[in-house]
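Data first, discussion second: the structure below is written as structure tokens.
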Amino acid sequence: GIVSRSPATRRVLNAIARVAALNVPVLFCGPGGCGKQSFTRFLHENSRRAVNALVKLDCTALTDERFEDELLGRPAKLGGTLYFDEVSALTPGLQRRLLTLLESGFVREAGSAQSVALDWRVVCSTNAKDPDRLVESGVLREDLWLRLCVARIDVPPLKERREDIGQLAE
């Protein structure tokens, strides 16, 4: 499902190939409409986690109350991929909870003293024009940003992948 005629797209696919087998968070950066969700699906399908769910969480609609419900309410709690679309939209409280998940692999159900271990790969995306400035501007916590940038993949806009446009239009 990925059109890869352009050298820019092949670079993205090569970067995905390098991290697919690793158990590290992945951050896709690029403008809206450049295919970050498609590349996330490609990463998931080419990893050991492909047999489990790919779950997309829209960070613009994710509330503090729904965070654990979204994570713990899944039938397969182990081994899948969690895709946080537009991670820069998370509230400070949700950023802290995502950081805890990344650092410990555990989440705590609301109102419970018991933590639940989860083995999800975390993939995030942002369409920030200058993603490195998200921390400077106070949009993202620095410790979360450093965790997410372990494997950062920049997805170029379609204007830099002109060779792909014809086949994408078909």
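In the structure tokens, chains take the letters A, B, ... in the order shown, each chain's residues start at 1, and ligands count up from 1 in the order shown.
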DSSP on the backbone, strand (DSSP E) only: what residues of region 29-150 of chain A does that give? Format it as a compact mmCIF listing (two decimals) with all heavy atoms, in the first residue's frame.
# COMPACT_ATOMS: atom_id res chain seq x y z
N CYS A 29 7.35 12.49 11.90
CA CYS A 29 7.17 13.94 11.80
C CYS A 29 6.95 14.30 10.34
O CYS A 29 7.67 13.81 9.46
CB CYS A 29 8.41 14.68 12.30
SG CYS A 29 8.81 14.36 14.02
N LEU A 54 -3.27 -2.96 15.70
CA LEU A 54 -2.76 -1.60 15.54
C LEU A 54 -3.92 -0.70 15.98
O LEU A 54 -4.99 -0.72 15.37
CB LEU A 54 -2.38 -1.30 14.09
CG LEU A 54 -2.12 0.16 13.74
CD1 LEU A 54 -0.96 0.74 14.53
CD2 LEU A 54 -1.88 0.33 12.25
N VAL A 55 -3.71 0.05 17.05
CA VAL A 55 -4.77 0.88 17.62
C VAL A 55 -4.39 2.34 17.47
O VAL A 55 -3.34 2.78 17.96
CB VAL A 55 -4.98 0.54 19.11
CG1 VAL A 55 -6.04 1.46 19.72
CG2 VAL A 55 -5.36 -0.92 19.27
N LYS A 56 -5.25 3.09 16.77
CA LYS A 56 -5.01 4.51 16.57
C LYS A 56 -5.77 5.29 17.64
O LYS A 56 -6.95 5.08 17.86
CB LYS A 56 -5.49 4.95 15.19
CG LYS A 56 -5.32 6.44 14.96
CD LYS A 56 -5.90 6.88 13.63
CE LYS A 56 -5.81 8.38 13.48
NZ LYS A 56 -6.57 8.85 12.33
N LEU A 57 -5.05 6.18 18.31
CA LEU A 57 -5.64 7.06 19.29
C LEU A 57 -5.49 8.49 18.79
O LEU A 57 -4.37 8.96 18.57
CB LEU A 57 -4.95 6.90 20.65
CG LEU A 57 -5.02 5.50 21.24
CD1 LEU A 57 -4.10 5.39 22.46
CD2 LEU A 57 -6.43 5.14 21.61
N ASP A 58 -6.61 9.17 18.59
CA ASP A 58 -6.60 10.55 18.12
C ASP A 58 -6.37 11.46 19.32
O ASP A 58 -7.27 11.63 20.15
CB ASP A 58 -7.94 10.87 17.45
CG ASP A 58 -8.04 12.30 16.96
OD1 ASP A 58 -7.07 13.08 17.13
OD2 ASP A 58 -9.10 12.65 16.42
N LEU A 78 -1.66 -7.29 24.84
CA LEU A 78 -0.23 -7.52 24.68
C LEU A 78 0.20 -7.51 23.24
O LEU A 78 -0.48 -8.08 22.38
CB LEU A 78 0.16 -8.86 25.31
CG LEU A 78 -0.07 -8.98 26.80
CD1 LEU A 78 0.24 -10.39 27.26
CD2 LEU A 78 0.77 -7.98 27.57
N GLY A 79 1.32 -6.89 22.98
CA GLY A 79 2.00 -7.09 21.73
C GLY A 79 1.65 -6.23 20.55
O GLY A 79 2.29 -6.32 19.53
N GLY A 80 0.66 -5.39 20.64
CA GLY A 80 0.27 -4.60 19.49
C GLY A 80 1.02 -3.29 19.38
O GLY A 80 2.07 -3.09 19.99
N THR A 81 0.48 -2.41 18.55
CA THR A 81 1.06 -1.09 18.33
C THR A 81 0.02 -0.04 18.69
O THR A 81 -1.11 -0.10 18.21
CB THR A 81 1.48 -0.91 16.85
OG1 THR A 81 2.44 -1.90 16.52
CG2 THR A 81 2.06 0.46 16.61
N LEU A 82 0.39 0.90 19.53
CA LEU A 82 -0.45 2.05 19.86
C LEU A 82 0.05 3.24 19.07
O LEU A 82 1.21 3.62 19.18
CB LEU A 82 -0.35 2.40 21.35
CG LEU A 82 -1.07 1.51 22.33
CD1 LEU A 82 -0.72 1.94 23.75
CD2 LEU A 82 -2.56 1.55 22.11
N TYR A 83 -0.84 3.81 18.26
CA TYR A 83 -0.47 4.96 17.43
C TYR A 83 -1.16 6.20 17.98
O TYR A 83 -2.36 6.35 17.90
CB TYR A 83 -0.88 4.70 15.99
CG TYR A 83 -0.72 5.87 15.06
CD1 TYR A 83 0.41 6.68 15.09
CD2 TYR A 83 -1.70 6.18 14.13
CE1 TYR A 83 0.55 7.76 14.23
CE2 TYR A 83 -1.57 7.25 13.25
CZ TYR A 83 -0.45 8.03 13.31
OH TYR A 83 -0.31 9.09 12.46
N PHE A 84 -0.37 7.10 18.57
CA PHE A 84 -0.87 8.36 19.09
C PHE A 84 -0.75 9.40 17.98
O PHE A 84 0.33 9.95 17.74
CB PHE A 84 -0.07 8.79 20.32
CG PHE A 84 -0.34 7.95 21.54
CD1 PHE A 84 0.36 6.77 21.76
CD2 PHE A 84 -1.30 8.33 22.47
CE1 PHE A 84 0.11 6.00 22.87
CE2 PHE A 84 -1.56 7.56 23.59
CZ PHE A 84 -0.86 6.39 23.79
N ASP A 85 -1.86 9.66 17.31
CA ASP A 85 -1.88 10.60 16.19
C ASP A 85 -1.96 12.02 16.72
O ASP A 85 -2.86 12.35 17.49
CB ASP A 85 -3.09 10.30 15.29
CG ASP A 85 -3.10 11.11 14.02
OD1 ASP A 85 -2.03 11.60 13.60
OD2 ASP A 85 -4.18 11.26 13.44
N PHE A 106 3.72 0.16 32.31
CA PHE A 106 2.53 -0.04 33.13
C PHE A 106 1.59 1.15 33.02
O PHE A 106 2.03 2.29 32.82
CB PHE A 106 2.92 -0.18 34.62
CG PHE A 106 3.55 -1.50 34.95
CD1 PHE A 106 4.93 -1.66 34.83
CD2 PHE A 106 2.79 -2.57 35.36
CE1 PHE A 106 5.53 -2.87 35.14
CE2 PHE A 106 3.39 -3.79 35.67
CZ PHE A 106 4.76 -3.94 35.56
N VAL A 107 0.29 0.89 33.18
CA VAL A 107 -0.71 1.94 33.35
C VAL A 107 -1.54 1.56 34.56
O VAL A 107 -1.67 0.38 34.89
CB VAL A 107 -1.62 2.15 32.11
CG1 VAL A 107 -0.85 2.69 30.94
CG2 VAL A 107 -2.35 0.89 31.76
N ARG A 108 -2.10 2.55 35.20
CA ARG A 108 -2.95 2.32 36.36
C ARG A 108 -4.37 2.70 35.99
O ARG A 108 -4.62 3.80 35.51
CB ARG A 108 -2.47 3.15 37.54
CG ARG A 108 -3.31 2.90 38.80
CD ARG A 108 -2.72 3.56 40.00
NE ARG A 108 -1.44 2.93 40.28
CZ ARG A 108 -0.46 3.51 40.93
NH1 ARG A 108 -0.60 4.73 41.39
NH2 ARG A 108 0.68 2.89 41.15
N SER A 115 -1.51 -1.53 39.08
CA SER A 115 -1.03 -1.22 37.74
C SER A 115 -1.12 -2.45 36.87
O SER A 115 -1.03 -3.58 37.34
CB SER A 115 0.42 -0.75 37.80
OG SER A 115 0.51 0.49 38.46
N VAL A 116 -1.31 -2.21 35.57
CA VAL A 116 -1.42 -3.29 34.60
C VAL A 116 -0.27 -3.15 33.61
O VAL A 116 -0.03 -2.07 33.07
CB VAL A 116 -2.77 -3.22 33.85
CG1 VAL A 116 -2.87 -4.30 32.80
CG2 VAL A 116 -3.93 -3.30 34.83
N ALA A 117 0.46 -4.26 33.38
CA ALA A 117 1.57 -4.25 32.43
C ALA A 117 1.03 -4.35 31.01
O ALA A 117 0.14 -5.16 30.73
CB ALA A 117 2.52 -5.41 32.70
N ASP A 119 2.36 -4.48 26.83
CA ASP A 119 3.51 -4.64 25.94
C ASP A 119 3.14 -4.10 24.56
O ASP A 119 3.03 -4.85 23.60
CB ASP A 119 3.92 -6.12 25.85
CG ASP A 119 5.11 -6.32 24.91
OD1 ASP A 119 5.92 -5.39 24.78
OD2 ASP A 119 5.20 -7.39 24.31
N TRP A 120 2.89 -2.82 24.48
CA TRP A 120 2.56 -2.18 23.22
C TRP A 120 3.79 -1.42 22.73
O TRP A 120 4.51 -0.83 23.51
CB TRP A 120 1.45 -1.15 23.42
CG TRP A 120 0.12 -1.69 23.79
CD1 TRP A 120 -0.34 -1.90 25.06
CD2 TRP A 120 -0.93 -2.07 22.92
NE1 TRP A 120 -1.61 -2.38 25.01
CE2 TRP A 120 -2.01 -2.49 23.71
CE3 TRP A 120 -1.07 -2.09 21.53
CZ2 TRP A 120 -3.21 -2.93 23.17
CZ3 TRP A 120 -2.27 -2.52 20.99
CH2 TRP A 120 -3.32 -2.93 21.81
N ARG A 121 3.99 -1.43 21.41
CA ARG A 121 4.96 -0.49 20.84
C ARG A 121 4.21 0.83 20.69
O ARG A 121 3.09 0.87 20.21
CB ARG A 121 5.43 -0.93 19.46
CG ARG A 121 6.15 0.24 18.76
CD ARG A 121 6.58 -0.08 17.37
NE ARG A 121 8.02 -0.22 17.44
CZ ARG A 121 8.75 -0.83 16.54
NH1 ARG A 121 8.18 -1.39 15.50
NH2 ARG A 121 10.04 -0.89 16.67
N VAL A 122 4.85 1.91 21.08
CA VAL A 122 4.24 3.23 20.96
C VAL A 122 4.80 3.91 19.73
O VAL A 122 6.01 4.03 19.57
CB VAL A 122 4.47 4.08 22.23
CG1 VAL A 122 4.00 5.51 22.03
CG2 VAL A 122 3.79 3.45 23.43
N VAL A 123 3.89 4.35 18.87
CA VAL A 123 4.23 5.13 17.69
C VAL A 123 3.45 6.43 17.79
O VAL A 123 2.25 6.41 18.11
CB VAL A 123 3.88 4.38 16.39
CG1 VAL A 123 4.15 5.25 15.17
CG2 VAL A 123 4.63 3.07 16.30
N CYS A 124 4.11 7.54 17.56
CA CYS A 124 3.46 8.84 17.63
C CYS A 124 3.71 9.60 16.34
O CYS A 124 4.63 9.28 15.59
CB CYS A 124 4.00 9.66 18.80
SG CYS A 124 3.71 8.92 20.41
N SER A 125 2.88 10.60 16.11
CA SER A 125 3.11 11.46 14.96
C SER A 125 2.82 12.90 15.35
O SER A 125 2.07 13.16 16.29
CB SER A 125 2.23 11.05 13.77
OG SER A 125 0.87 11.32 14.05
N THR A 126 3.42 13.80 14.61
CA THR A 126 3.14 15.21 14.75
C THR A 126 3.26 15.87 13.39
O THR A 126 4.09 15.47 12.57
CB THR A 126 4.07 15.92 15.76
OG1 THR A 126 3.68 17.30 15.85
CG2 THR A 126 5.53 15.82 15.36
At a cut-off of 7 Å, using only C-alpha atoms, what residues contact Ala89 (chain A)? Leave out same-chain residues fewer than 2 positions from it and give the result as a list of chain:residue names.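 The filter keeps A:Cys59, A:Thr60, A:Glu86, A:Val87, A:Thr91.
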Given the choices A:Glu103, A:Asp164, A:Glu45, A:Asp64, which gets closest to Arg147 (chain A) if the distance is worked out from only C-alpha atoms?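 Under the stated criterion, the closest residue is A:Glu103.
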So which residues touch region 1-7 of chain A within 10 Å, counting only C-alpha atoms, skipping near sequence neighbours fewer than 5 positions away, as a compact mmCIF listing (two decimals) with N, CA and C atoms, in the first residue's frame?
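As written to disk, around-v1.txt reads:
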# COMPACT_ATOMS: atom_id res chain seq x y z
N VAL A 12 12.34 6.91 3.67
CA VAL A 12 11.43 6.66 4.79
C VAL A 12 11.27 5.15 5.00
N LEU A 13 11.08 4.40 3.92
CA LEU A 13 10.92 2.95 4.04
C LEU A 13 12.19 2.29 4.58
N GLY A 35 1.14 11.10 4.80
CA GLY A 35 1.09 9.64 4.88
C GLY A 35 1.63 9.05 6.17
N SER A 38 -0.22 5.90 7.09
CA SER A 38 0.12 4.78 6.20
C SER A 38 1.49 4.20 6.54
N PHE A 39 2.45 5.07 6.85
CA PHE A 39 3.78 4.59 7.22
C PHE A 39 3.74 3.87 8.57
N ARG A 41 1.18 2.13 9.66
CA ARG A 41 0.61 0.81 9.34
C ARG A 41 1.69 -0.09 8.72
N PHE A 42 2.50 0.47 7.83
CA PHE A 42 3.60 -0.29 7.20
C PHE A 42 4.59 -0.77 8.26
N LEU A 158 4.37 15.71 0.05
CA LEU A 158 4.22 15.17 -1.31
C LEU A 158 4.95 16.02 -2.35
N GLU A 160 7.78 17.01 -2.27
CA GLU A 160 9.14 16.48 -2.37
C GLU A 160 9.15 15.03 -2.83
N ARG A 161 7.98 14.51 -3.15
CA ARG A 161 7.85 13.12 -3.60
C ARG A 161 7.00 13.08 -4.88
N ARG A 162 7.29 13.97 -5.78
CA ARG A 162 6.49 14.13 -7.00
C ARG A 162 6.35 12.84 -7.80
N GLU A 163 7.40 12.01 -7.78
CA GLU A 163 7.35 10.75 -8.54
C GLU A 163 6.25 9.81 -8.03
N ASP A 164 5.78 10.01 -6.82
CA ASP A 164 4.77 9.14 -6.22
C ASP A 164 3.34 9.62 -6.52
N ILE A 165 3.16 10.86 -6.89
CA ILE A 165 1.83 11.48 -6.95
C ILE A 165 0.93 10.80 -7.97
N GLY A 166 1.43 10.47 -9.15
CA GLY A 166 0.60 9.84 -10.17
C GLY A 166 0.00 8.52 -9.70
N GLN A 167 0.84 7.68 -9.14
CA GLN A 167 0.35 6.38 -8.66
C GLN A 167 -0.56 6.54 -7.45
N LEU A 168 -0.29 7.52 -6.61
CA LEU A 168 -1.18 7.78 -5.47
C LEU A 168 -2.56 8.22 -5.94
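With CA of Leu140 (chain A) on one side and CA of Ser88 (chain A) on the other, the separation reads 6.2 Å.
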Between A:Leu27, A:Leu94, A:Ala15, A:Leu71, which is the closest to Asp132 (chain A) once you count only C-alpha atoms?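 Among the listed residues, the smallest separation from Asp132 (chain A) belongs to A:Leu27.
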Select, from A:Arg18, A:Lys129, A:Arg96, A:Arg10, the residue with the minimum atom-to-atom distance to Leu144 (chain A), counting only C-alpha atoms.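 The answer is A:Arg96, which sits nearest to Leu144 (chain A).
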So how far away is CA of Leu146 (chain A) from CA of Val24 (chain A), in Å?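 Computing it gives 12.1 Å between the two atoms.
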Which value, in Å to one decimal, gives the distance between CA of Ser104 (chain A) and CA of Asp154 (chain A)?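 Between CA of Ser104 (chain A) and CA of Asp154 (chain A) the gap works out to 26.5 Å.
In terms of minimum interatomic distance to Leu148 (chain A), A:Leu101 ranks closest within A:Ala169, A:Leu101, A:Ala53, A:Ala20, counting only C-alpha atoms.
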For Ala61 (chain A), which residue out of A:Arg49, A:Gln37, A:Val139, A:Leu90 is the nearest one, using only C-alpha atoms?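 Among A:Arg49, A:Gln37, A:Val139, A:Leu90, it is A:Leu90 that comes nearest to Ala61 (chain A).
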Find the spatial neighbours of Asn127 (chain A), counting only C-alpha atoms, within a cut-off of 6 Å - ignore same-chain residues fewer than 3 positions away - and output them as a PyMOL selection string. chain A and resi 29-32
